[in-house]
Structures are given as structure tokens and as C-alpha cells.
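A.B. asks: Have a peek at protein_8.cif (mmCIF, C-alpha atoms).
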```cif
data_upload
loop_
_atom_site.label_atom_id
_atom_site.label_comp_id
_atom_site.auth_asym_id
_atom_site.auth_seq_id
_atom_site.Cartn_x
_atom_site.Cartn_y
_atom_site.Cartn_z
CA MET A 192 -115.64 83.09 279.84
CA PHE A 193 -113.66 80.16 278.48
CA PHE A 194 -110.62 82.37 277.78
CA SER A 195 -110.68 83.87 281.31
CA SER A 196 -110.65 80.37 282.88
CA ARG A 197 -107.71 79.35 280.69
CA ARG A 198 -105.84 82.52 281.61
CA ARG A 199 -106.45 81.82 285.34
CA ARG A 200 -105.15 78.27 284.98
CA PHE A 201 -102.09 79.52 283.13
CA ASN A 202 -101.29 82.00 285.97
CA ASP A 203 -101.67 79.28 288.59
CA VAL A 204 -99.36 76.94 286.69
CA LEU A 205 -96.79 79.71 286.25
CA ALA A 206 -96.85 80.52 290.00
CA GLU A 207 -96.40 76.88 290.95
CA GLU A 208 -93.47 76.50 288.56
CA VAL A 209 -91.79 79.59 290.06
CA GLU A 210 -92.23 78.18 293.61
CA ASP A 211 -90.78 74.82 292.48
CA VAL A 212 -87.75 76.60 291.02
CA PHE A 213 -87.14 78.46 294.30
CA GLU A 214 -87.52 75.27 296.36
CA ARG A 215 -85.09 73.40 294.12
CA GLU A 216 -82.51 76.16 294.46
CA GLU A 217 -82.84 76.09 298.29
CA GLU A 218 -82.52 72.29 298.36
CA GLU A 219 -79.49 72.35 296.10
CA GLU A 220 -77.87 74.88 298.43
CA GLU A 221 -78.62 72.58 301.40
CA GLU A 222 -77.44 69.47 299.55
CA ASP A 223 -74.08 70.96 298.73
CA PHE A 224 -72.86 70.28 302.32
CA CYS A 225 -72.65 66.79 303.87
CA PRO A 226 -73.68 66.74 307.59
CA PRO A 227 -70.88 65.85 310.03
CA GLY A 228 -70.72 62.21 311.13
CA CYS A 229 -72.56 60.99 308.00
CA GLU A 230 -70.99 58.64 305.52
CA PRO A 231 -70.55 60.08 302.05
CA ALA A 232 -71.99 56.98 300.38
CA LEU A 233 -75.07 57.13 302.51
CA PHE A 234 -75.33 60.83 301.82
CA GLU A 235 -75.15 60.18 298.08
CA GLN A 236 -77.90 57.54 298.30
CA VAL A 237 -80.06 59.91 300.29
CA CYS A 238 -79.51 62.61 297.69
CA GLU A 239 -80.44 60.24 294.86
CA LEU A 240 -83.58 59.15 296.69
CA ARG A 241 -84.44 62.78 297.34
CA GLU A 242 -84.03 63.56 293.62
CA LYS A 243 -86.24 60.61 292.71
CA ARG A 244 -88.82 61.77 295.23
CA LEU A 245 -88.68 65.26 293.71
CA ASP A 246 -89.06 63.82 290.24
CA GLN A 247 -92.05 61.78 291.36
CA GLU A 248 -93.55 64.84 292.99
CA GLU A 249 -93.04 66.82 289.81
CA MET A 250 -94.69 64.05 287.76
CA LEU A 251 -97.51 63.87 290.27
CA ALA A 252 -97.94 67.63 290.07
CA GLU A 253 -98.03 67.47 286.29
CA PHE A 254 -100.60 64.66 286.41
CA GLN A 255 -102.61 66.66 288.88
CA LYS A 256 -102.47 69.69 286.58
CA ALA A 257 -103.51 67.57 283.63
CA ALA A 258 -106.33 66.08 285.68
CA ASP A 259 -107.48 69.55 286.71
CA THR A 260 -107.35 70.69 283.10
CA LEU A 261 -109.35 67.68 281.96
CA LYS A 262 -111.83 68.24 284.74
CA LYS A 263 -112.31 71.84 283.71
CA ASP A 264 -112.64 70.79 280.07
CA GLN A 265 -115.17 68.19 281.14
CA GLU A 266 -117.16 70.81 282.97
CA ALA A 267 -117.12 73.05 279.94
CA LEU A 268 -118.20 70.15 277.73
CA MET A 269 -120.94 69.25 280.18
CA LYS A 270 -122.22 72.80 279.95
CA LYS A 271 -122.13 72.60 276.18
CA GLU A 272 -123.90 69.26 276.30
CA LYS A 273 -126.64 70.74 278.44
CA ILE A 274 -127.02 73.63 275.97
CA ILE A 275 -127.15 71.20 273.04
CA ASP A 276 -129.65 68.98 274.86
CA GLN A 277 -131.86 71.98 275.50
CA ALA A 278 -131.64 73.04 271.84
CA LEU A 279 -132.32 69.44 270.74
CA LYS A 280 -135.31 69.20 273.03
CA GLN A 281 -136.62 72.51 271.72
CA THR A 282 -136.12 71.28 268.13
CA ASP A 283 -137.93 68.02 268.92
CA ASP A 284 -140.81 70.01 270.40
CA GLU A 285 -140.97 72.18 267.31
CA ILE A 286 -140.92 69.11 265.06
CA GLN A 287 -143.68 67.53 267.11
CA GLN A 288 -145.74 70.71 266.90
CA PHE A 289 -145.19 70.82 263.13
CA GLN A 290 -146.18 67.16 262.76
CA THR A 291 -149.30 67.81 264.80
CA PHE A 292 -150.18 70.86 262.71
CA LYS A 293 -149.51 68.93 259.49
CA GLN A 294 -151.69 66.05 260.65
CA GLN A 295 -154.47 68.48 261.51
CA LYS A 296 -154.31 70.02 258.03
CA LEU A 297 -154.20 66.56 256.43
CA ASN A 298 -157.25 65.58 258.41
CA GLU A 299 -159.05 68.60 257.00
CA ILE A 300 -158.51 67.38 253.41
CA GLN A 301 -161.48 65.56 251.94
CA VAL A 302 -160.57 62.04 250.84
CA ILE A 303 -162.74 59.68 248.83
CA ILE A 304 -162.84 56.18 250.32
CA THR A 305 -164.28 53.23 248.44
CA LEU A 306 -166.72 51.21 250.52
CA LYS A 307 -168.32 47.89 249.81
CA MET A 308 -172.04 47.31 249.82
CA HIS A 309 -172.13 45.44 253.12
CA GLN A 310 -170.36 48.39 254.78
CA ILE A 311 -173.11 50.86 253.86
CA ARG A 312 -176.01 51.23 256.24
CA CYS A 313 -178.60 54.01 256.14
CA VAL A 314 -179.75 53.91 259.75
CA LEU A 315 -180.00 56.41 262.57
CA GLU A 316 -179.85 54.89 266.04
CA GLY A 317 -180.71 51.53 264.61
CA LYS A 318 -183.73 52.87 262.69
CA MET A 319 -184.35 54.33 259.28
CA PRO A 320 -183.96 58.13 259.33
CA PRO A 321 -187.13 60.17 258.82
CA ASP A 322 -185.52 62.44 256.17
CA LEU A 323 -184.33 60.60 253.04
CA SER A 324 -183.75 63.69 250.85
CA HIS A 325 -179.96 63.33 251.06
CA THR A 326 -179.90 59.61 250.30
CA ILE A 327 -180.09 57.45 247.17
CA VAL A 328 -182.56 54.59 247.22
CA PHE A 329 -181.85 51.50 245.13
CA THR A 330 -184.20 48.69 244.48
CA THR A 331 -182.97 45.17 245.06
CA SER A 332 -183.26 44.32 241.38
CA GLY A 333 -181.31 47.46 240.41
CA LEU A 334 -178.60 46.61 242.91
CA GLN A 335 -178.41 43.08 241.54
CA ARG A 336 -178.11 44.46 237.99
CA LEU A 337 -175.26 46.69 239.10
CA ARG A 338 -173.49 43.74 240.70
CA LYS A 339 -174.03 41.71 237.55
CA ARG A 340 -172.71 44.62 235.51
CA ILE A 341 -169.49 44.50 237.54
CA ASP A 342 -169.09 40.84 236.62
CA ASP A 343 -169.86 41.60 232.99
CA LEU A 344 -167.23 44.35 232.98
CA GLU A 345 -164.68 41.93 234.40
CA ILE A 346 -165.46 39.50 231.59
CA GLU A 347 -165.19 42.29 229.02
CA LYS A 348 -161.85 43.30 230.48
CA ASP A 349 -160.59 39.73 230.14
CA ASP A 350 -161.80 39.59 226.54
CA LEU A 351 -160.09 42.90 225.77
CA ARG A 352 -156.86 41.63 227.31
CA GLN A 353 -157.04 38.53 225.11
CA ASP A 354 -157.70 40.71 222.05
CA GLN A 355 -154.78 42.94 222.98
CA LYS A 356 -152.47 39.93 223.30
CA SER A 357 -153.60 38.58 219.92
CA LEU A 358 -153.12 42.04 218.34
CA ARG A 359 -149.63 42.26 219.81
CA ARG A 360 -148.74 38.86 218.37
CA GLU A 361 -150.16 39.91 215.01
CA HIS A 362 -148.20 43.16 215.20
CA VAL A 363 -145.00 41.23 215.83
CA GLN A 364 -145.70 38.93 212.89
CA LEU A 365 -146.51 41.85 210.61
CA SER A 366 -143.36 43.67 211.69
CA LYS A 367 -141.26 40.61 210.85
CA SER A 368 -142.96 40.21 207.46
CA ARG A 369 -142.50 43.93 206.77
CA LYS A 370 -138.77 43.65 207.50
CA ILE A 371 -138.51 40.63 205.20
CA LYS A 372 -140.34 42.46 202.41
CA GLU A 373 -138.18 45.55 202.91
CA SER A 374 -135.03 43.44 202.57
CA LYS A 375 -136.45 41.84 199.39
CA LEU A 376 -137.38 45.28 198.06
CA THR A 377 -133.86 46.51 198.72
CA VAL A 378 -132.43 43.56 196.79
CA LEU A 379 -134.85 44.15 193.89
CA GLU A 380 -134.04 47.88 193.80
CA ALA A 381 -130.32 47.10 193.67
CA ARG A 382 -130.92 44.61 190.86
CA ALA A 383 -133.05 47.12 188.91
CA ARG A 384 -130.38 49.80 189.42
CA ASP A 385 -127.72 47.44 188.03
CA VAL A 386 -129.90 46.60 185.02
CA GLN A 387 -130.50 50.32 184.32
CA MET A 388 -126.79 51.07 184.56
CA LEU A 389 -126.05 48.22 182.12
CA LYS A 390 -128.74 49.27 179.61
CA PHE A 391 -128.78 53.05 179.87
CA GLY A 392 -125.56 53.94 181.69
CA GLN A 393 -127.50 55.85 184.36
CA GLU A 394 -130.43 55.50 186.74
CA VAL A 395 -133.86 56.13 185.21
CA ASP A 396 -136.76 57.50 187.24
CA LEU A 397 -139.72 55.27 186.35
CA GLU A 398 -142.25 57.67 187.84
CA VAL A 399 -141.03 60.43 185.53
CA LEU A 400 -141.27 58.08 182.57
CA GLU A 401 -144.85 57.16 183.48
CA GLN A 402 -145.81 60.80 183.83
CA MET A 403 -144.23 61.63 180.48
CA ALA A 404 -146.04 58.74 178.77
CA VAL A 405 -149.42 59.54 180.27
CA ASN A 406 -149.45 63.37 180.01
CA LYS A 407 -149.33 63.74 176.20
CA THR A 408 -151.28 67.02 176.18
CA ALA A 409 -148.64 68.64 178.37
CA GLU A 410 -145.92 67.47 176.00
CA ASP A 411 -147.79 68.96 173.02
CA LEU A 412 -148.20 72.23 174.85
CA LYS A 413 -144.51 72.21 175.75
CA GLU A 414 -143.62 71.61 172.09
CA GLN A 415 -145.87 74.49 170.96
CA LEU A 416 -144.38 76.71 173.60
CA LYS A 417 -140.89 75.79 172.45
CA LYS A 418 -141.78 76.64 168.82
CA LEU A 419 -143.27 79.97 169.89
CA GLU A 420 -140.16 80.75 171.87
CA GLN A 421 -137.96 79.94 168.85
CA LYS A 422 -140.14 82.10 166.58
CA ASN A 423 -140.09 84.99 169.04
CA THR A 424 -136.33 84.63 169.39
CA ALA A 425 -135.89 84.79 165.59
CA GLU A 426 -138.15 87.85 165.34
CA LEU A 427 -136.30 89.48 168.18
CA LYS A 428 -132.97 88.88 166.45
CA ALA A 429 -134.36 90.32 163.17
CA TRP A 430 -135.62 93.42 164.94
CA GLN A 431 -132.29 93.80 166.72
CA LYS A 432 -130.50 93.55 163.37
CA THR A 433 -132.90 96.17 161.86
CA ILE A 434 -132.27 98.45 164.83
CA GLU A 435 -128.52 98.06 164.40
CA GLU A 436 -128.75 98.85 160.66
CA ALA A 437 -130.94 101.90 161.36
CA ALA A 438 -128.48 103.05 164.01
CA ALA A 439 -125.60 102.68 161.52
CA GLU A 440 -127.54 104.58 158.85
CA LEU A 441 -128.39 107.28 161.37
CA GLY A 442 -124.71 107.60 162.21
CA ALA A 443 -123.80 107.94 158.53
CA VAL A 444 -126.54 110.53 157.93
CA THR A 445 -125.44 112.41 161.02
CA LYS A 446 -121.89 112.41 159.72
CA GLN A 447 -123.04 113.70 156.32
CA ASN A 448 -125.12 116.36 157.99
CA THR A 449 -122.12 117.43 160.01
CA ASP A 450 -120.00 117.65 156.83
CA LYS A 451 -122.68 119.74 155.12
CA LEU A 452 -122.88 122.08 158.09
CA GLU A 453 -119.13 122.50 158.04
CA ARG A 454 -119.34 123.27 154.27
CA VAL A 455 -122.07 125.85 154.93
CA ALA A 456 -119.89 127.45 157.58
CA GLU A 457 -116.95 127.63 155.15
CA LEU A 458 -119.11 129.16 152.40
CA THR A 459 -120.61 131.66 154.83
CA SER A 460 -117.18 132.79 155.92
CA ALA A 461 -116.06 132.99 152.26
CA GLN A 462 -119.17 135.07 151.41
CA HIS A 463 -118.43 137.47 154.22
CA ARG A 464 -114.85 137.76 153.07
CA LEU A 465 -115.91 138.45 149.46
CA GLU A 466 -118.42 141.06 150.59
CA ARG A 467 -115.70 142.84 152.54
CA GLU A 468 -113.41 142.75 149.48
CA LEU A 469 -116.27 143.99 147.28
CA ASN A 470 -116.96 146.89 149.59
CA GLY A 471 -113.25 147.79 149.65
CA THR A 472 -113.09 147.61 145.84
CA GLN A 473 -116.06 149.94 145.44
CA SER A 474 -114.48 152.48 147.78
CA ARG A 475 -111.28 152.42 145.72
CA MET A 476 -113.18 152.75 142.43
CA VAL A 477 -114.51 156.15 143.45
CA VAL A 478 -110.99 157.48 143.76
CA GLU A 479 -109.53 155.91 140.60
CA VAL A 480 -110.12 157.53 137.13
CA GLY A 481 -109.11 156.80 133.57
CA PRO A 482 -108.69 153.36 131.99
CA SER A 483 -108.86 151.42 135.45
CA LYS A 484 -112.59 152.10 135.71
CA GLU A 485 -113.47 149.35 133.19
CA LYS A 486 -111.11 146.95 134.94
CA MET A 487 -112.74 147.58 138.30
CA LYS A 488 -116.17 147.11 136.79
CA ALA A 489 -115.17 143.70 135.38
CA GLU A 490 -113.75 142.62 138.73
CA ARG A 491 -116.89 143.77 140.49
CA GLU A 492 -119.08 141.75 138.11
CA GLN A 493 -116.85 138.74 138.61
CA LEU A 494 -117.14 139.03 142.39
CA VAL A 495 -120.94 139.44 142.17
CA SER A 496 -121.28 136.31 140.06
CA LEU A 497 -119.06 134.39 142.53
CA VAL A 498 -121.21 135.53 145.44
CA LYS A 499 -124.38 134.48 143.64
CA LEU A 500 -122.86 131.08 142.86
CA GLN A 501 -121.90 130.54 146.50
CA ALA A 502 -125.39 131.64 147.58
CA ARG A 503 -126.98 129.01 145.26
CA GLU A 504 -124.65 126.33 146.66
CA MET A 505 -125.61 127.33 150.19
CA GLU A 506 -129.32 127.14 149.36
CA ALA A 507 -128.87 123.71 147.78
CA LEU A 508 -126.97 122.46 150.82
CA LYS A 509 -129.61 123.81 153.20
CA ALA A 510 -132.37 122.13 151.18
CA GLU A 511 -130.49 118.84 151.21
CA ILE A 512 -129.95 119.10 154.99
CA ASN A 513 -133.64 119.74 155.55
CA MET A 514 -134.60 116.77 153.39
CA LEU A 515 -132.18 114.52 155.30
CA ARG A 516 -133.63 115.69 158.59
CA ARG A 517 -137.23 115.03 157.50
CA LYS A 518 -136.93 111.78 155.53
CA GLY A 519 -133.50 110.40 156.29
CA GLY A 520 -132.77 110.00 152.57
CA HIS A 521 -130.13 111.35 150.21
CA VAL A 522 -130.62 114.44 147.96
CA TYR A 523 -128.12 115.03 145.15
CA THR A 524 -127.69 118.64 143.99
CA PRO A 525 -126.15 119.67 140.68
CA VAL A 526 -122.51 120.61 140.95
CA VAL A 527 -121.82 124.11 139.66
CA ARG A 528 -118.28 124.92 138.73
CA ARG A 529 -116.83 128.09 140.21
CA GLY A 530 -114.90 128.97 137.05
CA ALA A 531 -118.00 129.06 134.82
CA GLY A 532 -118.97 132.52 135.92
CA THR A 533 -115.54 133.93 135.48
CA GLN A 534 -115.15 132.89 131.85
#
```
How would this structure read if it were set down as C-alpha cells?
C.D. replies:
Amino acid sequence: MFFSSRRRRFNDVLAEEVEDVFEREEEEEEEDFCPPGCEPALFEQVCELREKRLDQEEMLAEFQKAADTLKKDQEALMKKEKIIDQALKQTDDEIQQFQTFKQQKLNEIQVIITLKMHQIRCVLEGKMPPDLSHTIVFTTSGLQRLRKRIDDLEIEKDDLRQDQKSLRREHVQLSKSRKIKESKLTVLEARARDVQMLKFGQEVDLEVLEQMAVNKTAEDLKEQLKKLEQKNTAELKAWQKTIEEAAAELGAVTKQNTDKLERVAELTSAQHRLERELNGTQSRMVVEVGPSKEKMKAEREQLVSLVKLQAREMEALKAEINMLRRKGGHVYTPVVRRGAGTQ
């Protein structure tokens, strides 16, 4: 609606400006010619006055347009003001309704009000009510005692306030004395620390010293425990040394056993080789005749004796190996020379 009114005003202003332009063109065409019998100077003055009049009319038209525009704006603002006033009135009504509702709810809340004795009257239409089941009856003496108790409580409160003030003053004094003693204690601790550094070269914990001096039984137990630990350590070292020696002896025995097994293997292979040679010699002896028969017999006897000797050595080595395995000791066997059987 506001934009349509502005558009209408703009069209009116545009039409008026177009009419003014046409009028000015017509006047200029008329002013170009001076009427006959008229003085040129007078004609010029008339033209100037006419131009001034036209300028004044233009200014008046502009003022009139501005006034119309302001009037229309005023009307629009008046309409807005009416709308705002209506909304404000509606808001005030709502606020008033809310305040009324809030007051109603507040009135529904139960509030305890303290009343004095002279404000309490148990009467109904100026008379005592017939039903006293919902009332509390006090005797005059009991009411006087309660009033006296109020005074007594006031006195007790005053006494407690005085005691509190005295306790606060005492607390302040004790705090000051505590600070003074703490400062003295700090000075004494610094002095004791300096003395300890001069005498012992380090700070000494007096509490630890007192504990050590008093708890003698614990020190004895600690000393016994230390001795037991030393004894156990020595026994442990001895057992470790024994284990190391046994391990070394086991290694040596194992090495000897390995050497013996290698010797047995060599003798076994030599026995097999001699048996093969003996078998080959016997097969050749069947074929040979004449004087070589005695020679072959001597060689055969020599080989038999050598085999027996090697068999005895093998048995001795096996026995020694078995003894070493069972007892871990050494067994010395008699050395038999190989050339004894051959001579």
C-alpha cells in the first residue's frame, strides 16, 4: 500500500514537470518577439520579472510537493502510531491480566504472620465461641511465665553476645601469641640447624635419634638379622663354588667319556678290519700247499692273539666307562702292549 502511494505521487510529479516544460517552451517562443510600440528596455524588465515569477512559481510548486509528501508521510505515520497504540494498549491489558492472575496466586499461598498477644482474641460476635476444640487455652500464670521466658531469653542472648566478644578478643590475643611463638620457633630451628652443620656437617633428625635410642630390641633384632644374612650369603657362595667345581668335574668326566667312546669306536673298526683280513687269509690257505702252510698258521695265530688283545682292551674301556657313569670316579686299567703277543 505504501509503495502504490509513492508510485502515484511519482507519476503526478512527472506529469507536472512535463507540463511545466511545455509551458516554458511556449513562453520562450512568445518571448522571442518584442510587441510593436514597446520599448526594448521595458520589454527586458518585463521578461526578467516574468522569469522571476516563474522561478517563484516553480519554488512554490516544489514546496507544495514537499508539503504534500510530508502530509502523506504524516498520515502514514499517524496510521502506524494508531497501530502501535493499539498494540501497546493490548500489551498493557495483558500485563494487567497477568499481574491480576499473579496476585490471585500469591493470595492463595499460605503465609505465617507473627501476631502479638494483644492482637489475639478468641471471640465470636463479641462472645466466647461454644466449640473450643480448635483453640489453645492458656492460664494467666502460664502466659506470664512465657512472657518472662522471653525476657530471660533476651538476657541470655546478651550474655552470649558478651561471651562471644570476649572469646573473639581471646582468639585475637592467642593468634598474636601463636605468631610470636612461631617466629621464635623458626629462629630456634635455624640456630639448631647451624649448630648441627657446625658439629656434624649435616642436619640430624632428632626424632630418629630418639627412636634409635629407645628401641634397643629392634636394633638387636636388626643386628641378628644382618648376621644371619651374612651367614646365608657365605653359605650360598660356598654352595655356588661347589656347584661350579662339580660342573667343571662333570665336564672333564664327560670329555674323558667321549675320548673313551672314540677309542672304542676305533678298536671296533680295527677288529672288524682284522676279522676281514683273517677270513681272507683262511680262504687263501686252502688253496696254498707246501712250506707256506706253516707260515699262514703262524700269521693266523698272530692275528687271533691281536684280536683277543683288542677285545680285552675294549672290555676294560667299557668297564671304566660304566664306572664313570655310575660313580663319577676314575678307573685305571692295566696297559697291555700290542707287541707282547707277537713275540
A.B. asks: Within 12 Å of Glu380 of chain A, counting all atoms listed in the file, which residues qualify if same-chain residues fewer than 6 places away don't, as a count of residues only?
C.D. replies: 9
A.B. asks: Between atom CA of Ala510 of chain A and atom CA of Gly442 of chain A, what is the distance, to one decimal in Å?
C.D. replies: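 Separation between atom CA of Ala510 of chain A and atom CA of Gly442 of chain A: 19.8 Å.
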A.B. asks: May I have the protein, DNA and RNA residues with any atom at most 7 Å from the point (-114.3, 140.3, 144.3), counting only C-alpha atoms, written as a PDB file with C-alpha atoms, in the coordinates of the input?
C.D. replies:
```pdb
ATOM      1  CA  LEU A 465    -115.910 138.450 149.460  1.00  0.00           C
ATOM      2  CA  GLU A 468    -113.410 142.750 149.480  1.00  0.00           C
ATOM      3  CA  LEU A 469    -116.270 143.990 147.280  1.00  0.00           C
ATOM      4  CA  GLU A 490    -113.750 142.620 138.730  1.00  0.00           C
ATOM      5  CA  ARG A 491    -116.890 143.770 140.490  1.00  0.00           C
ATOM      6  CA  GLN A 493    -116.850 138.740 138.610  1.00  0.00           C
ATOM      7  CA  LEU A 494    -117.140 139.030 142.390  1.00  0.00           C
TER       8      LEU A 494
END
```
A.B. asks: Just how far from atom CA of Glu457 of chain A is atom CA of Met505 of chain A, in Å to one decimal?
C.D. replies: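 Computed distance, atom CA of Met505 of chain A to atom CA of Glu457 of chain A, equals 10.0 Å.
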A.B. asks: Work out where the centre of an axis-aligned box around every listed atom of segment 409-416 of chain A lies and how long its edges are once 4 Å is added on each side; give both in Å to one decimal as lines of an AutoDock Vina configuration file.
C.D. replies:
```
center_x = -146.1
center_y = 72.1
center_z = 174.7
size_x = 13.0
size_y = 17.2
size_z = 15.4
```
A.B. asks: What is the atom CA of Gln335 of chain A-atom CA of Ile311 of chain A distance in Å, reported with one decimal?
C.D. replies: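 Between atom CA of Gln335 of chain A and atom CA of Ile311 of chain A the gap works out to 15.5 Å.
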A.B. asks: Skip Ser460 of chain A itself and residues of its chain fewer than 4 positions away, then list as an MDAnalysis selection string all residues within 12 Å of it, counting all atoms listed in the file.
C.D. replies: chainID A and resid 453:456 464:467 498 501:502 505
A.B. asks: Once all heavy atoms are restored for segment 505-515 of chain A, what would the output be as a CSV table (one decimal), in the frame of the given file?
C.D. replies:
```
chain,number,residue,atom,x,y,z
A,505,MET,N,-125.1,127.4,148.8
A,505,MET,CA,-125.6,127.3,150.2
A,505,MET,C,-127.1,127.0,150.3
A,505,MET,O,-127.5,126.2,151.1
A,505,MET,CB,-125.4,128.7,150.8
A,505,MET,CG,-123.9,129.0,151.1
A,505,MET,SD,-123.7,130.7,151.8
A,505,MET,CE,-124.6,130.6,153.3
A,506,GLU,N,-127.9,127.5,149.3
A,506,GLU,CA,-129.3,127.1,149.4
A,506,GLU,C,-129.5,125.7,149.1
A,506,GLU,O,-130.4,125.0,149.7
A,506,GLU,CB,-130.1,128.0,148.3
A,506,GLU,CG,-130.1,129.5,148.7
A,506,GLU,CD,-131.0,129.7,149.9
A,506,GLU,OE1,-131.9,128.9,150.2
A,506,GLU,OE2,-130.7,130.7,150.6
A,507,ALA,N,-128.7,125.1,148.1
A,507,ALA,CA,-128.9,123.7,147.8
A,507,ALA,C,-128.5,122.8,149.0
A,507,ALA,O,-129.1,121.8,149.3
A,507,ALA,CB,-128.0,123.4,146.6
A,508,LEU,N,-127.4,123.2,149.6
A,508,LEU,CA,-127.0,122.5,150.8
A,508,LEU,C,-128.0,122.5,151.9
A,508,LEU,O,-128.3,121.5,152.6
A,508,LEU,CB,-125.6,123.0,151.3
A,508,LEU,CG,-124.4,122.7,150.4
A,508,LEU,CD1,-123.2,123.4,150.9
A,508,LEU,CD2,-124.2,121.2,150.4
A,509,LYS,N,-128.6,123.7,152.2
A,509,LYS,CA,-129.6,123.8,153.2
A,509,LYS,C,-130.8,122.9,152.9
A,509,LYS,O,-131.4,122.3,153.7
A,509,LYS,CB,-130.0,125.3,153.3
A,509,LYS,CG,-129.0,126.1,154.0
A,509,LYS,CD,-129.4,127.6,154.1
A,509,LYS,CE,-128.4,128.4,154.8
A,509,LYS,NZ,-128.8,129.9,154.9
A,510,ALA,N,-131.2,123.0,151.6
A,510,ALA,CA,-132.4,122.1,151.2
A,510,ALA,C,-132.1,120.6,151.4
A,510,ALA,O,-132.9,119.9,151.9
A,510,ALA,CB,-132.7,122.4,149.7
A,511,GLU,N,-130.9,120.3,151.0
A,511,GLU,CA,-130.5,118.8,151.2
A,511,GLU,C,-130.5,118.5,152.7
A,511,GLU,O,-130.9,117.4,153.1
A,511,GLU,CB,-129.1,118.6,150.6
A,511,GLU,CG,-128.7,117.1,150.6
A,511,GLU,CD,-127.4,116.9,149.9
A,511,GLU,OE1,-126.8,117.9,149.4
A,511,GLU,OE2,-126.9,115.7,149.9
A,512,ILE,N,-130.0,119.4,153.5
A,512,ILE,CA,-130.0,119.1,155.0
A,512,ILE,C,-131.4,119.0,155.5
A,512,ILE,O,-131.7,118.1,156.3
A,512,ILE,CB,-129.2,120.2,155.7
A,512,ILE,CG1,-127.7,120.1,155.4
A,512,ILE,CG2,-129.4,120.1,157.2
A,512,ILE,CD1,-126.9,121.3,155.8
A,513,ASN,N,-132.3,119.8,155.1
A,513,ASN,CA,-133.6,119.7,155.6
A,513,ASN,C,-134.3,118.4,155.1
A,513,ASN,O,-135.1,117.8,155.9
A,513,ASN,CB,-134.4,120.9,155.0
A,513,ASN,CG,-134.0,122.3,155.7
A,513,ASN,OD1,-133.6,122.3,156.8
A,513,ASN,ND2,-134.1,123.4,154.9
A,514,MET,N,-134.0,118.0,153.9
A,514,MET,CA,-134.6,116.8,153.4
A,514,MET,C,-134.1,115.6,154.2
A,514,MET,O,-134.8,114.6,154.5
A,514,MET,CB,-134.3,116.6,151.9
A,514,MET,CG,-135.0,117.6,151.0
A,514,MET,SD,-136.8,117.3,151.0
A,514,MET,CE,-136.9,115.7,150.1
A,515,LEU,N,-132.8,115.6,154.5
A,515,LEU,CA,-132.2,114.5,155.3
A,515,LEU,C,-132.8,114.5,156.7
A,515,LEU,O,-133.0,113.4,157.3
A,515,LEU,CB,-130.7,114.7,155.4
A,515,LEU,CG,-129.9,114.4,154.0
A,515,LEU,CD1,-128.5,114.8,154.2
A,515,LEU,CD2,-130.1,113.0,153.6
```
